[in-house]
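A quick write-up on the structure given underneath.
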Amino acid sequence: MENSSNIAVFNLNGLNETRSQKHIFFLLTFLFYLLIIFLNLTLITTVLLEKSLHEPMYIFICNLNVNTLYGTAGFYPKLLADFLSDTHVISYTGCLIQAFVIYSSVMCEYSNLTVMAYDRYVAICKPLEYHSIMNTVTAKKIILILWTVTFCETLIPILLNIRLPFCGSQIEKLYCDNWSMVKLSCVDTTLNNICGYILVIACVSQAFFIVYSYIQIIRVCVISSEGRSKFVQTCLPHFISLITFSITTVFDVMFSRYGSRNTPQTIRNIMAVEFLVIPPLLNPLIYGLNLTQIRIRVKRWCSNNRH
């Protein structure tokens with residue numbers, strides 16, 4: 001039995017079929033990553049510089065973009081380096097850090113979307129109480145708590161992984177994740193599995209809360225044309241973000257645990273990285289194009305920079 005302390009590196013086998021065209025994939029991935037950084041930084045900068053956008057809803061959107069940059073930073077730089085290398089390896093410590101960054105980003109995204117749903121619920125269903133319940137100071141405190149809780153709940157499965165002895169070092173993905181490491185263990189992983197199911201239940205519970213919030217919001221909004229307009233402008237982007245992120249993460253979780261090893265590598269890669277590709281690009285576009293306040297400020301900011 002080979003102890004985890006004796007494993008210096010893990011092999012990432014997700015790129016084995018791209019060696020002949022690695023420079024093309026590198027260029028496309030690099031440009032895509034730059035686009036993600038540009039779009040998310042544009043929204044972050046706009047919210048930070050415009051005092052009129054220092055409201056809870058926009059603060060939560062800003063945090064969503066910050067989290068996107070955090071999560072993608074745990075994936076794309078390593079992937080780009082692997083495209084230029086003939087050996088796709090990652091150190092044991094690096095593997096733990098990458099798994100922590102990517103999945104803490106996932107947990108943070110779900111928590112942020114939950115808070116945004118609550119914010120819209122209070123704003124639309126209880127407008128007279130909104131400013132007493134939700135204000136800028138409260139929003140900042142919520143974000144601080146959100147990140148603290150996220151780091152703590154993501155750290156638990158990582159610490160459970162550290163205690164495991166491993167009998168292999170081959171990870172059939174483009175990046176390290178918790179479940180791929182657990183599958184390499186030589187011992188019983190019941191505790192790790194229980195922890196994983198608890199985290200999944202937590203995410204599902206948040207999803208149910210979001211759905212309940214939107215049922216209440218829709219009931220209020222359908223009464224008047226003004227309510228319907230408010231729903232389309234402020235709630236629809238959030239709902240699209242939730243659906244997109246939920247579907248892409250479910251693909252990754254389900255395929256990681258129950259997918260067949262006989263599935264072509266390309267399909268496995270697509271399933272594994274959807275949540276790191278679609279939401280990071282789609283979120284800033286949705287909020288930047290659909291929310292009038294942000295769209296106006298971005299246009300003004302861009303025109304001022306040209307002059």
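In the structure tokens, the first chain shown is A, the next is B, and so on; residue numbers restart at 1 for each chain, and ligands run from 1 in the order shown.
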
Practice problem: May I have the residues within 9 Å of Gly168 (chain A) as a PyMOL selection string, using only C-alpha atoms and disregarding those fewer than 2 positions away in the same chain? | Solution: chain A and resi 2+7+10+166+170-171+184-186

Quiz item: What lies within 9 Å of Leu242 (chain A) using only C-alpha atoms, ignoring chain neighbours under 5 positions off, as a VMD selection string?
Solution: chain A and resid 110 113 207 210 237 247

Selected residues, N, CA, C and O atoms, written as a PDB file, in the first residue's frame, please.
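Done, and the output landed in part-v4.pdb:
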ATOM      1  N   TYR A 110     -23.083  29.048  -5.497  1.00  0.00           N
ATOM      2  CA  TYR A 110     -24.426  28.647  -5.068  1.00  0.00           C
ATOM      3  C   TYR A 110     -24.925  29.521  -3.916  1.00  0.00           C
ATOM      4  O   TYR A 110     -26.084  29.951  -3.903  1.00  0.00           O
ATOM      5  N   LEU A 113     -25.804  32.987  -5.266  1.00  0.00           N
ATOM      6  CA  LEU A 113     -27.071  32.962  -5.997  1.00  0.00           C
ATOM      7  C   LEU A 113     -28.255  32.857  -5.040  1.00  0.00           C
ATOM      8  O   LEU A 113     -29.318  33.441  -5.282  1.00  0.00           O
ATOM      9  N   ALA A 207     -30.940  25.343  -3.600  1.00  0.00           N
ATOM     10  CA  ALA A 207     -31.696  25.398  -4.857  1.00  0.00           C
ATOM     11  C   ALA A 207     -33.199  25.448  -4.589  1.00  0.00           C
ATOM     12  O   ALA A 207     -33.930  26.217  -5.228  1.00  0.00           O
ATOM     13  N   ILE A 210     -34.142  28.884  -3.455  1.00  0.00           N
ATOM     14  CA  ILE A 210     -34.175  29.813  -4.581  1.00  0.00           C
ATOM     15  C   ILE A 210     -35.475  29.640  -5.374  1.00  0.00           C
ATOM     16  O   ILE A 210     -36.131  30.617  -5.747  1.00  0.00           O
ATOM     17  N   PRO A 237     -32.106  37.625 -15.272  1.00  0.00           N
ATOM     18  CA  PRO A 237     -30.674  37.315 -15.396  1.00  0.00           C
ATOM     19  C   PRO A 237     -30.185  36.363 -14.308  1.00  0.00           C
ATOM     20  O   PRO A 237     -29.409  35.445 -14.574  1.00  0.00           O
ATOM     21  N   ILE A 247     -27.114  23.220 -14.059  1.00  0.00           N
ATOM     22  CA  ILE A 247     -27.022  22.159 -15.062  1.00  0.00           C
ATOM     23  C   ILE A 247     -25.571  21.749 -15.291  1.00  0.00           C
ATOM     24  O   ILE A 247     -25.250  20.550 -15.335  1.00  0.00           O
TER      25      ILE A 247
END

Quiz item: Which parts of region 49-251 of chain A does DSSP call helix (DSSP H, G or I) when run on the backbone here, written out as number ranges by chain?
Solution: A: 49, 51-53, 56-73, 76-83, 92-125, 127-133, 136-162, 178-182, 190-221, 225-251

Practice problem: Could you tell me which of A:Ile59, A:Ile194, A:Ile296, A:Val187 comes closest to Met134 (chain A) if we count only C-alpha atoms? | Solution: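 Of A:Ile59, A:Ile194, A:Ile296, A:Val187, the one nearest Met134 (chain A), counting only C-alpha atoms, is A:Ile59.
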
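Nearest-residue note for Thr249 (chain A): choosing from A:Val204, A:Val220, A:Ile267, A:Met116, the minimum distance belongs to A:Val204, counting only C-alpha atoms.
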
Practice problem: One decimal, Å: what's the distance from CA of Ala81 (chain A) over to CA of Leu27 (chain A), could you say? | Solution: 11.5 Å

Exercise. Could you give me, as JSON, numbers by chain, the residues within 9 Å of Asn67 (chain A), counting only C-alpha atoms and dropping anything in the same chain fewer than 2 positions from it?
Key: {"A": [62, 63, 64, 65, 69, 70, 71, 72, 105, 106, 108, 109]}

Exercise. Can you work out which one of A:Leu35, A:Leu53, A:Met271, A:Val66 has the shortest atom-to-atom distance to Thr136 (chain A), counting only C-alpha atoms?
Key: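 Selected residue with least distance to Thr136 (chain A): A:Leu53.
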
Quiz prompt | Nearest-residue call for Ile145 (chain A), choices A:Thr263, A:Gln98, A:Asn161, A:Ser111, using only C-alpha atoms | solution =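 Closest to Ile145 (chain A), using only C-alpha atoms: A:Ser111.
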
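Residues within 10 Å of Tyr33 (chain A), counting only C-alpha atoms and excluding same-chain residues fewer than 2 positions away, are A:Leu27, A:Leu28, A:Thr29, A:Phe30, A:Leu31, A:Leu35, A:Ile36, A:Ile37, A:Phe38, A:Leu69, A:Thr72, A:Ala73, A:Tyr76, A:Pro77, A:Leu80, A:Val277, A:Pro280, A:Leu281.
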